[in-house]
$ cat final-v8.txt   # compact mmCIF, C-alpha atoms and all ligand atoms
# COMPACT_ATOMS: atom_id res chain seq x y z
CA LEU Q 1 0.13 62.95 -22.56
CA ARG Q 2 -1.07 59.38 -22.98
CA PRO Q 3 -1.27 57.32 -26.15
CA LYS Q 4 -4.54 55.80 -27.33
CA ARG Q 5 -5.06 52.23 -26.00
CA PHE Q 6 -3.46 49.49 -28.07
CA THR Q 7 -2.72 45.77 -27.86
CA TYR Q 8 0.96 44.96 -27.24
CA HIS Q 9 2.68 42.04 -29.00
CA SER Q 10 6.28 41.01 -28.36
CA VAL Q 11 7.74 38.78 -31.06
CA SER Q 12 10.64 36.35 -30.79
CA SER Q 13 11.42 35.66 -34.45
CA ILE Q 14 11.43 37.48 -37.78
CA SER Q 15 8.85 35.06 -39.18
CA GLU Q 16 6.56 35.68 -36.20
CA ALA Q 17 6.86 39.43 -36.80
CA THR Q 18 6.06 39.25 -40.52
CA ALA Q 19 3.17 36.83 -39.92
CA LEU Q 20 1.69 39.22 -37.36
CA LEU Q 21 2.15 42.23 -39.65
CA LYS Q 22 0.36 40.34 -42.43
CA GLU Q 23 -2.50 39.34 -40.11
CA LEU Q 24 -2.97 42.77 -38.51
CA GLY Q 25 -2.48 44.87 -41.67
CA PRO Q 26 -2.30 48.68 -41.45
CA ASN Q 27 -3.68 48.60 -37.87
CA ALA Q 28 -0.25 47.53 -36.59
CA LYS Q 29 2.97 49.48 -35.94
CA ILE Q 30 6.45 48.12 -35.28
CA LEU Q 31 8.34 49.32 -32.19
CA ALA Q 32 12.14 49.45 -32.48
CA GLY Q 33 14.02 52.09 -30.42
CA GLY Q 34 10.79 54.04 -29.82
CA GLN Q 35 12.60 57.39 -30.16
CA SER Q 36 10.32 58.67 -32.93
CA LEU Q 37 7.26 56.47 -32.46
CA VAL Q 38 6.65 56.93 -28.73
CA PRO Q 39 6.57 60.77 -28.81
CA LEU Q 40 4.20 60.59 -31.82
CA MET Q 41 1.95 58.14 -29.93
CA LYS Q 42 1.90 60.34 -26.84
CA LEU Q 43 0.95 63.37 -28.90
CA ARG Q 44 -1.67 61.18 -30.64
CA LEU Q 45 -0.20 62.15 -34.00
CA VAL Q 46 -0.03 58.40 -34.71
CA GLU Q 47 -2.83 56.07 -33.60
CA PHE Q 48 -3.13 52.31 -34.21
CA GLU Q 49 -4.57 49.22 -32.55
CA HIS Q 50 -1.57 46.88 -32.31
CA LEU Q 51 2.06 47.48 -31.36
CA VAL Q 52 4.52 44.83 -32.57
CA ASP Q 53 7.65 45.05 -30.40
CA ILE Q 54 10.69 43.69 -32.28
CA THR Q 55 13.32 44.66 -29.71
CA ALA Q 56 13.82 41.02 -28.63
CA LEU Q 57 15.10 40.11 -32.12
CA LYS Q 58 18.79 40.22 -31.24
CA GLU Q 59 19.57 38.61 -34.60
CA LEU Q 60 18.80 42.02 -36.16
CA ARG Q 61 21.54 43.81 -34.19
CA TYR Q 62 24.95 43.42 -35.87
CA ILE Q 63 27.61 45.00 -38.08
CA ARG Q 64 29.24 42.32 -40.28
CA ASP Q 65 31.99 42.42 -42.85
CA ASP Q 66 31.40 40.05 -45.76
CA GLY Q 67 34.52 41.14 -47.67
CA ALA Q 68 33.12 43.40 -50.36
CA SER Q 69 30.47 44.98 -48.16
CA LEU Q 70 29.31 45.68 -44.64
CA GLN Q 71 25.91 44.47 -43.49
CA VAL Q 72 24.13 46.38 -40.74
CA GLY Q 73 21.11 44.82 -39.02
CA ALA Q 74 17.97 46.94 -38.58
CA LEU Q 75 18.14 46.94 -34.75
CA THR Q 76 21.74 48.18 -34.65
CA THR Q 77 21.70 51.36 -32.56
CA HIS Q 78 23.29 54.68 -33.47
CA HIS Q 79 25.68 54.09 -30.55
CA ASP Q 80 26.71 50.68 -31.97
CA LEU Q 81 27.41 52.41 -35.28
CA GLU Q 82 29.31 55.41 -33.93
CA THR Q 83 31.59 53.20 -31.79
CA SER Q 84 32.28 50.52 -34.42
CA LEU Q 85 35.90 50.49 -35.59
CA LEU Q 86 34.89 48.25 -38.48
CA LEU Q 87 32.54 50.97 -39.68
CA ARG Q 88 34.98 53.81 -39.05
CA ASN Q 89 37.64 52.05 -41.13
CA ASN Q 90 35.46 50.63 -43.90
CA SER Q 91 32.51 52.99 -44.21
CA PRO Q 92 33.56 56.26 -42.56
CA SER Q 93 30.63 58.39 -43.81
CA LEU Q 94 28.14 56.08 -42.08
CA SER Q 95 30.23 56.32 -38.93
CA ASP Q 96 30.33 60.15 -39.30
CA ALA Q 97 26.52 60.20 -39.55
CA ALA Q 98 25.95 57.98 -36.49
CA TYR Q 99 28.21 60.26 -34.45
CA VAL Q 100 25.97 63.30 -35.09
CA VAL Q 101 22.51 61.72 -34.67
CA GLY Q 102 20.61 63.50 -31.88
CA ASP Q 103 22.11 63.21 -28.40
CA PRO Q 104 23.50 60.25 -26.40
CA LEU Q 105 20.03 59.21 -25.17
CA ILE Q 106 18.69 59.02 -28.72
CA ARG Q 107 21.81 57.22 -29.90
CA ASN Q 108 21.60 54.61 -27.16
CA ARG Q 109 18.10 53.48 -28.09
CA GLY Q 110 17.42 54.65 -31.65
CA THR Q 111 18.14 52.20 -34.48
CA ILE Q 112 19.19 52.51 -38.11
CA GLY Q 113 16.11 50.51 -39.18
CA GLY Q 114 13.89 52.95 -37.28
CA VAL Q 115 15.42 55.99 -38.99
CA LEU Q 116 15.07 54.51 -42.47
CA SER Q 117 11.50 53.23 -41.97
CA HIS Q 118 10.33 56.47 -40.34
CA TYR Q 119 12.09 58.60 -43.00
CA ASP Q 120 12.30 62.14 -41.79
CA PRO Q 121 14.13 63.88 -44.70
CA SER Q 122 16.28 65.74 -42.13
CA ALA Q 123 17.63 62.43 -40.78
CA ASP Q 124 21.33 61.74 -41.27
CA TYR Q 125 21.65 58.22 -42.75
CA PRO Q 126 19.51 58.53 -45.90
CA ALA Q 127 21.91 60.84 -47.82
CA VAL Q 128 24.85 58.65 -46.77
CA LEU Q 129 23.15 55.50 -48.04
CA VAL Q 130 22.25 57.17 -51.35
CA SER Q 131 25.84 58.42 -51.82
CA LEU Q 132 27.12 54.85 -51.24
CA ASP Q 133 24.53 53.14 -53.48
CA ALA Q 134 23.49 51.08 -50.47
CA THR Q 135 20.97 48.24 -50.60
CA ILE Q 136 18.11 47.99 -48.11
CA THR Q 137 16.60 44.54 -47.51
CA ILE Q 138 13.00 44.21 -46.33
CA ALA Q 139 10.89 41.15 -45.63
CA SER Q 140 7.23 40.25 -45.71
CA GLN Q 141 5.70 36.89 -44.83
CA GLU Q 142 5.96 35.87 -48.50
CA ASP Q 143 9.47 36.99 -49.47
CA GLU Q 144 12.49 39.24 -49.04
CA ARG Q 145 13.34 42.06 -51.43
CA ASP Q 146 16.40 44.26 -51.96
CA LEU Q 147 15.84 47.92 -52.74
CA GLY Q 148 18.42 50.48 -53.85
CA ALA Q 149 18.69 53.43 -51.45
CA ASP Q 150 18.22 55.81 -54.41
CA GLY Q 151 14.58 54.82 -54.87
CA PHE Q 152 13.74 53.77 -51.31
CA PHE Q 153 12.96 57.25 -49.91
CA GLU Q 154 9.90 58.63 -51.66
CA ASP Q 155 8.74 61.72 -49.75
CA PHE Q 156 8.33 63.08 -46.20
CA PHE Q 157 7.71 60.05 -43.94
CA THR Q 158 7.11 57.85 -47.00
CA THR Q 159 9.25 55.00 -48.31
CA GLN Q 160 8.78 52.08 -50.68
CA MET Q 161 7.96 49.79 -47.73
CA ARG Q 162 4.46 48.39 -47.27
CA PRO Q 163 2.80 48.16 -43.82
CA ASP Q 164 3.24 44.35 -43.80
CA GLU Q 165 7.02 44.61 -44.33
CA LEU Q 166 9.88 44.61 -41.84
CA LEU Q 167 13.22 46.27 -42.59
CA LEU Q 168 15.93 43.65 -42.02
CA ARG Q 169 19.30 45.13 -42.94
CA VAL Q 170 21.36 47.60 -44.94
CA ARG Q 171 24.35 46.73 -47.10
CA VAL Q 172 27.03 49.33 -47.90
CA PRO Q 173 30.22 48.78 -49.88
CA SER Q 174 33.35 48.28 -47.83
CA LEU Q 175 35.69 51.03 -49.01
CA GLN Q 176 38.82 49.91 -50.82
CA LYS Q 177 42.24 51.58 -51.11
CA GLY Q 178 41.89 54.86 -53.02
CA GLU Q 179 38.28 55.33 -51.92
CA GLY Q 180 36.96 57.76 -49.32
CA SER Q 181 33.67 58.99 -47.94
CA ALA Q 182 32.47 61.66 -45.52
CA TYR Q 183 29.26 63.02 -44.03
CA LEU Q 184 28.85 66.54 -42.65
CA LYS Q 185 25.86 68.13 -41.01
CA LEU Q 186 24.98 71.71 -40.21
CA GLU Q 187 22.99 71.86 -36.98
CA LYS Q 188 21.95 74.87 -34.92
CA ALA Q 189 22.96 73.17 -31.67
CA VAL Q 190 24.43 69.74 -30.98
CA GLY Q 191 21.56 67.23 -30.91
CA ASP Q 192 19.38 69.03 -33.48
CA PHE Q 193 18.23 67.60 -36.78
CA ALA Q 194 20.19 68.86 -39.79
CA ILE Q 195 19.62 72.24 -41.42
CA VAL Q 196 21.51 70.60 -44.25
CA GLY Q 197 23.56 67.40 -44.50
CA ALA Q 198 26.06 66.42 -47.21
CA ALA Q 199 27.42 62.94 -47.94
CA ALA Q 200 30.20 62.26 -50.42
CA PHE Q 201 31.85 59.16 -51.87
CA VAL Q 202 35.02 59.46 -53.98
CA GLN Q 203 37.12 56.86 -55.80
CA LEU Q 204 40.54 57.96 -57.02
CA GLY Q 205 42.08 56.31 -60.08
CA PRO Q 206 45.56 56.47 -61.67
CA GLN Q 207 47.49 59.76 -61.10
CA GLY Q 208 44.94 60.73 -58.46
CA ARG Q 209 42.17 61.46 -60.96
CA ILE Q 210 38.62 61.08 -59.69
CA ALA Q 211 37.26 57.86 -61.22
CA ARG Q 212 33.89 57.78 -59.47
CA MET Q 213 32.03 60.14 -57.21
CA LYS Q 214 28.56 60.60 -55.71
CA VAL Q 215 27.26 63.42 -53.54
CA ALA Q 216 23.86 63.41 -51.82
CA LEU Q 217 22.19 66.05 -49.65
CA SER Q 218 19.70 65.72 -46.82
CA ALA Q 219 17.16 68.17 -45.35
CA VAL Q 220 16.75 70.00 -48.67
CA GLY Q 221 13.44 68.47 -49.83
CA GLY Q 222 11.22 65.43 -49.54
CA ARG Q 223 13.98 63.04 -50.69
CA PRO Q 224 17.78 63.01 -50.62
CA VAL Q 225 19.03 65.09 -53.57
CA VAL Q 226 21.91 63.76 -55.69
CA ALA Q 227 24.31 66.49 -56.92
CA GLU Q 228 24.95 64.89 -60.29
CA GLU Q 229 26.42 67.88 -62.07
CA MET Q 230 28.89 68.48 -59.26
CA ALA Q 231 30.13 64.89 -59.56
CA ASN Q 232 30.19 64.94 -63.38
CA SER Q 233 32.30 68.08 -63.47
CA LEU Q 234 34.95 66.51 -61.21
CA VAL Q 235 35.16 62.96 -62.59
CA GLY Q 236 38.35 62.59 -64.66
CA GLU Q 237 40.06 65.53 -62.94
CA VAL Q 238 42.93 65.68 -60.47
CA PRO Q 239 40.92 67.70 -57.96
CA THR Q 240 42.09 70.99 -56.50
CA GLN Q 241 40.28 72.93 -53.79
CA LYS Q 242 39.27 75.57 -56.37
CA MET Q 243 37.80 72.92 -58.71
CA VAL Q 244 35.74 71.44 -55.87
CA GLU Q 245 34.55 74.92 -54.87
CA ASP Q 246 33.46 75.70 -58.45
CA ALA Q 247 31.79 72.30 -58.89
CA ALA Q 248 29.79 72.80 -55.66
CA GLN Q 249 28.25 75.98 -57.11
CA THR Q 250 26.33 73.79 -59.60
CA ILE Q 251 24.17 72.69 -56.66
CA LEU Q 252 22.43 76.08 -56.68
CA SER Q 253 20.70 75.24 -59.97
CA ILE Q 254 19.08 72.03 -58.62
CA LEU Q 255 17.93 73.03 -55.15
CA THR Q 256 14.69 74.65 -54.03
CA PRO Q 257 14.72 73.61 -50.36
CA PRO Q 258 11.84 74.40 -48.02
CA SER Q 259 11.90 77.12 -45.36
CA ASP Q 260 11.00 75.87 -41.90
CA ILE Q 261 11.65 76.52 -38.20
CA ARG Q 262 15.31 75.56 -38.63
CA ALA Q 263 16.27 77.73 -41.62
CA SER Q 264 15.11 79.71 -44.63
CA SER Q 265 15.27 78.24 -48.10
CA ALA Q 266 17.94 80.77 -49.15
CA TYR Q 267 20.21 79.91 -46.19
CA ARG Q 268 19.81 76.18 -46.86
CA ARG Q 269 20.86 76.68 -50.50
CA GLU Q 270 23.99 78.58 -49.50
CA MET Q 271 24.89 76.05 -46.81
CA ALA Q 272 24.28 73.09 -49.12
CA VAL Q 273 27.06 74.44 -51.38
CA VAL Q 274 29.45 74.91 -48.45
CA PHE Q 275 28.76 71.53 -46.87
CA ALA Q 276 28.88 69.61 -50.17
CA ARG Q 277 32.27 71.19 -50.91
CA ARG Q 278 33.62 70.27 -47.46
CA ALA Q 279 32.23 66.73 -47.62
CA VAL Q 280 33.92 66.15 -50.98
CA LEU Q 281 37.23 67.59 -49.75
CA ASP Q 282 37.11 65.30 -46.69
CA ALA Q 283 36.21 62.27 -48.82
CA ILE Q 284 39.19 63.07 -51.09
CA SER Q 285 41.48 63.41 -48.05
CA ARG Q 286 40.39 60.00 -46.80
CA ALA Q 287 40.80 58.48 -50.29
CA GLU Q 288 44.38 59.83 -50.24
CA GLY Q 289 44.97 58.24 -46.83
CA LYS Q 290 44.96 61.61 -45.03
CA ASN Q 291 42.87 62.80 -42.11
CA PRO Q 292 39.67 64.70 -42.91
CA VAL Q 293 39.43 68.32 -41.78
CA PHE Q 294 35.73 69.10 -41.40
CA VAL Q 295 33.91 65.98 -40.15
CA ALA Q 296 32.53 66.24 -36.61
CA GLN Q 297 34.52 63.23 -35.38
CA ASN Q 298 37.62 65.36 -36.00
CA GLN Q 299 36.34 68.41 -34.08
CA PRO Q 300 37.68 67.96 -30.53
CA LEU Q 301 35.62 70.89 -29.24
CA ARG Q 302 32.24 69.55 -30.40
CA ALA Q 303 30.26 69.26 -27.16
CA ASN Q 304 28.89 65.81 -27.82
C1 LIG W 401 14.98 64.73 -29.87
C2 LIG W 401 15.31 63.86 -31.07
C3 LIG W 401 16.41 64.21 -31.86
C4 LIG W 401 16.72 63.43 -32.97
N1 LIG W 401 17.78 63.80 -33.74
C5 LIG W 401 18.07 63.09 -34.85
C6 LIG W 401 19.14 63.47 -35.70
O1 LIG W 401 19.85 64.43 -35.44
N2 LIG W 401 19.37 62.71 -36.80
C7 LIG W 401 18.62 61.62 -37.12
O2 LIG W 401 18.88 60.97 -38.14
N3 LIG W 401 17.61 61.22 -36.33
C8 LIG W 401 17.31 61.94 -35.21
N4 LIG W 401 16.27 61.54 -34.42
C9 LIG W 401 15.49 60.35 -34.77
C10 LIG W 401 16.14 59.14 -34.11
O3 LIG W 401 17.28 58.81 -34.85
C11 LIG W 401 15.23 57.90 -34.02
O4 LIG W 401 15.99 56.92 -33.39
C12 LIG W 401 14.76 57.31 -35.30
O5 LIG W 401 14.08 58.23 -36.13
C13 LIG W 401 13.76 56.18 -35.07
O6 LIG W 401 14.43 55.03 -34.71
P1 LIG W 401 13.85 54.09 -33.60
O7 LIG W 401 14.65 52.86 -33.59
O8 LIG W 401 13.76 54.86 -32.33
O9 LIG W 401 12.41 53.73 -34.21
P2 LIG W 401 10.94 53.80 -33.60
O10 LIG W 401 10.69 55.14 -33.00
O11 LIG W 401 10.69 52.60 -32.76
O12 LIG W 401 10.11 53.63 -34.95
C14 LIG W 401 10.03 54.68 -35.89
C15 LIG W 401 9.15 54.23 -37.06
O13 LIG W 401 9.80 53.23 -37.84
C16 LIG W 401 9.06 52.00 -37.84
N5 LIG W 401 10.07 50.93 -37.73
C17 LIG W 401 11.07 50.87 -36.82
N6 LIG W 401 11.87 49.81 -37.09
C18 LIG W 401 11.36 49.20 -38.18
C19 LIG W 401 11.76 48.07 -38.96
N7 LIG W 401 12.86 47.34 -38.67
N8 LIG W 401 11.00 47.72 -40.03
C20 LIG W 401 9.90 48.44 -40.35
N9 LIG W 401 9.47 49.53 -39.67
C21 LIG W 401 10.20 49.90 -38.60
C22 LIG W 401 8.11 52.10 -36.66
O14 LIG W 401 6.94 51.34 -36.85
C23 LIG W 401 7.82 53.59 -36.63
O15 LIG W 401 6.84 53.92 -37.57
C24 LIG W 401 15.94 62.29 -33.30
C25 LIG W 401 14.84 61.94 -32.50
C26 LIG W 401 14.52 62.72 -31.40
C27 LIG W 401 13.34 62.33 -30.55
$ encode --input "final-v8.txt" --output "structure tokens"
Amino acid sequence: LRPKRFTYHSVSSISEATALLKELGPNAKILAGGQSLVPLMKLRLVEFEHLVDITALKELRYIRDDGASLQVGALTTHHDLETSLLLRNNSPSLSDAAYVVGDPLIRNRGTIGGVLSHYDPSADYPAVLVSLDATITIASQEDERDLGADGFFEDFFTTQMRPDELLLRVRVPSLQKGEGSAYLKLEKAVGDFAIVGAAAFVQLGPQGRIARMKVALSAVGGRPVVAEEMANSLVGEVPTQKMVEDAAQTILSILTPPSDIRASSAYRREMAVVFARRAVLDAISRAEGKNPVFVAQNQPLRAN
């Protein structure tokens, strides 16, 4: 399997990359970790004339704490994310997601910017970013713009980005005392894409009542789905396991997931309820300063 011939460009600055993207237009593709793009090129499912290799842009590989939020550069690998203590302590659901992306080979080379730009709805980060109200920053030769994660993912392999734009970084809130988050994924075997993924953010207020909450699901449609009714029915309550279980049932009325090689629509619906419930319970545990029960990082027998 060989890709169609193309011209290779290696860039050494962000401005060089955006200038080249502007000049070459839709005939150019960016290369980051190559974990999605290269197989597609070899199968000739994607064909283009120019490859713009951004892997030399080390300034796009970082995880930084700016006090209120964490900034993650586009070329930060899944391995960087899963092994970052800063992330584990301040944005645990993003750390949970990195830990379950593909296998170690994918995690060593694949990047967060690649996942978000490629946007496979079964990918792990998108639901996490939506649940955290993250901001995604992209640049063109003319300017930089910030987009909310909620609107960024439009449909299968489609985002708000234009072909002349480069994804620069993601900003997620740094969790404060009384806040917790968790991401859980159902996969057939370790290394698979999700059958369903559930991300939860919870903020506890006085007397342990839920002050704020957001739950988002992946692999259940063309975009991450926000379980609004589930969150609304729990905000203001001192949550019990039974309440969370009942609230998760509301998901059934909003989901019509596709059937595919990984699972039937009916199975996905049932599992979305189970995984949303568990993600919320783990986010609450973390908000209370306790260990989560269900997240993969806490499963010693997961053959990773
Ligand atoms: C076997 C296998 C299993 C996988 N399992 C999972 C999984 O369980 N969960 C999961 O989430 N993902 C999974 N992936 C996908 C993996 O995470 C890839 O790393 C990711 O989709 C692409 O990242 P990349 O850095 O390799 O990007 P590339 O493959 O280099 O690029 C992918 C696309 O994004 C564009 N792009 C890349 N970076 C930028 C940027 N900064 N700005 C603009 N456009 C950009 C490229 O032009 C290309 O169109 C899997 C992939 C494989 C092959």
$ residues_near_point --input "final-v8.txt" --point "(33.3, 55.3, -50.2)" --cutoff "7 Å" --atoms "all atoms listed in the file" --output "JSON, numbers by chain"
{"Q": [91, 132, 175, 179, 180, 181, 201, 202, 203]}
$ closest_residue --input "final-v8.txt" --among "Q:Ala287, Q:Ile106, Q:Ile210, Q:Ile195" --to "Ala182 of chain Q" --atoms "only C-alpha atoms"
Q:Ala287
$ residues_near_ligand --input "final-v8.txt" --ligand "ligand LIG 401 (chain W)" --cutoff "6 Å" --atoms "only C-alpha atoms and all ligand atoms" --output "number ranges by chain"
Q: 29-37, 74, 101-102, 106, 110-111, 113-115, 117-118, 123-124, 166-168, 191-193
$ atom_distance --input "final-v8.txt" --atom1 "atom CA of Ala134 of chain Q" --atom2 "atom CA of Val235 of chain Q"
20.6 Å
$ closest_residue --input "final-v8.txt" --among "Q:Ala219, Q:Val38, Q:Val46, Q:Val293" --to "Ser265 of chain Q" --atoms "all atoms listed in the file"
Q:Ala219
$ atom_distance --input "final-v8.txt" --atom1 "atom CA of Leu184 of chain Q" --atom2 "atom CA of Arg64 of chain Q"
24.3 Å
$ atom_distance --input "final-v8.txt" --atom1 "atom CA of Tyr119 of chain Q" --atom2 "atom CA of Phe157 of chain Q"
4.7 Å
$ closest_residue --input "final-v8.txt" --among "Q:Ser13, Q:Leu87, Q:Ala283, Q:Gly205" --to "Leu60 of chain Q" --atoms "only C-alpha atoms"
Q:Ser13
$ closest_residue --input "final-v8.txt" --among "Q:Ile112, Q:Glu165, Q:Ala216, Q:Val130" --to "Glu144 of chain Q" --atoms "all atoms listed in the file"
Q:Glu165
$ closest_residue --input "final-v8.txt" --among "Q:Ala139, Q:Thr158, Q:Pro173, Q:Pro258" --to "Leu94 of chain Q" --atoms "all atoms listed in the file"
Q:Pro173
$ residues_around --input "final-v8.txt" --residues "Pro257 of chain Q" --least-positions-apart "3" --cutoff "9 Å" --atoms "only C-alpha atoms" --output "NGL selection string"
:Q and (219-222 or 264-266 or 268-269)
$ axis_aligned_box --input "final-v8.txt" --around "segment 101-119 of chain Q" --padding-each-side "4 Å" --output "lines of an AutoDock Vina configuration file"
center_x = 16.9
center_y = 57.0
center_z = -34.1
size_x = 21.2
size_y = 21.0
size_z = 25.8
$ build_atoms --input "final-v8.txt" --residues "segment 249-260 of chain Q" --atoms "N, CA and C atoms" --output "mmCIF file, in the coordinates of the input"
data_model
loop_
_atom_site.group_PDB
_atom_site.id
_atom_site.type_symbol
_atom_site.label_atom_id
_atom_site.label_comp_id
_atom_site.auth_asym_id
_atom_site.auth_seq_id
_atom_site.Cartn_x
_atom_site.Cartn_y
_atom_site.Cartn_z
ATOM 1 N N GLN Q 249 29.194 74.906 -56.726
ATOM 2 C CA GLN Q 249 28.250 75.980 -57.110
ATOM 3 C C GLN Q 249 27.117 75.457 -57.982
ATOM 4 N N THR Q 250 27.363 74.327 -58.696
ATOM 5 C CA THR Q 250 26.330 73.790 -59.600
ATOM 6 C C THR Q 250 25.092 73.341 -58.806
ATOM 7 N N ILE Q 251 25.278 73.130 -57.511
ATOM 8 C CA ILE Q 251 24.170 72.690 -56.660
ATOM 9 C C ILE Q 251 23.050 73.741 -56.642
ATOM 10 N N LEU Q 252 23.431 75.004 -56.767
ATOM 11 C CA LEU Q 252 22.430 76.080 -56.680
ATOM 12 C C LEU Q 252 21.331 75.917 -57.737
ATOM 13 N N SER Q 253 21.700 75.341 -58.882
ATOM 14 C CA SER Q 253 20.700 75.240 -59.970
ATOM 15 C C SER Q 253 19.726 74.076 -59.750
ATOM 16 N N ILE Q 254 19.996 73.181 -58.797
ATOM 17 C CA ILE Q 254 19.080 72.030 -58.620
ATOM 18 C C ILE Q 254 18.281 72.089 -57.333
ATOM 19 N N LEU Q 255 18.579 73.050 -56.471
ATOM 20 C CA LEU Q 255 17.930 73.030 -55.150
ATOM 21 C C LEU Q 255 16.876 74.113 -54.973
ATOM 22 N N THR Q 256 15.696 73.693 -54.510
ATOM 23 C CA THR Q 256 14.690 74.650 -54.030
ATOM 24 C C THR Q 256 14.216 74.121 -52.669
ATOM 25 N N PRO Q 257 15.067 74.202 -51.654
ATOM 26 C CA PRO Q 257 14.720 73.610 -50.360
ATOM 27 C C PRO Q 257 13.602 74.377 -49.669
ATOM 28 N N PRO Q 258 12.900 73.706 -48.743
ATOM 29 C CA PRO Q 258 11.840 74.400 -48.020
ATOM 30 C C PRO Q 258 12.399 75.330 -46.947
ATOM 31 N N SER Q 259 11.595 76.328 -46.563
ATOM 32 C CA SER Q 259 11.900 77.120 -45.360
ATOM 33 C C SER Q 259 11.128 76.479 -44.224
ATOM 34 N N ASP Q 260 11.728 76.405 -43.051
ATOM 35 C CA ASP Q 260 11.000 75.870 -41.900
ATOM 36 C C ASP Q 260 11.568 76.478 -40.620
#
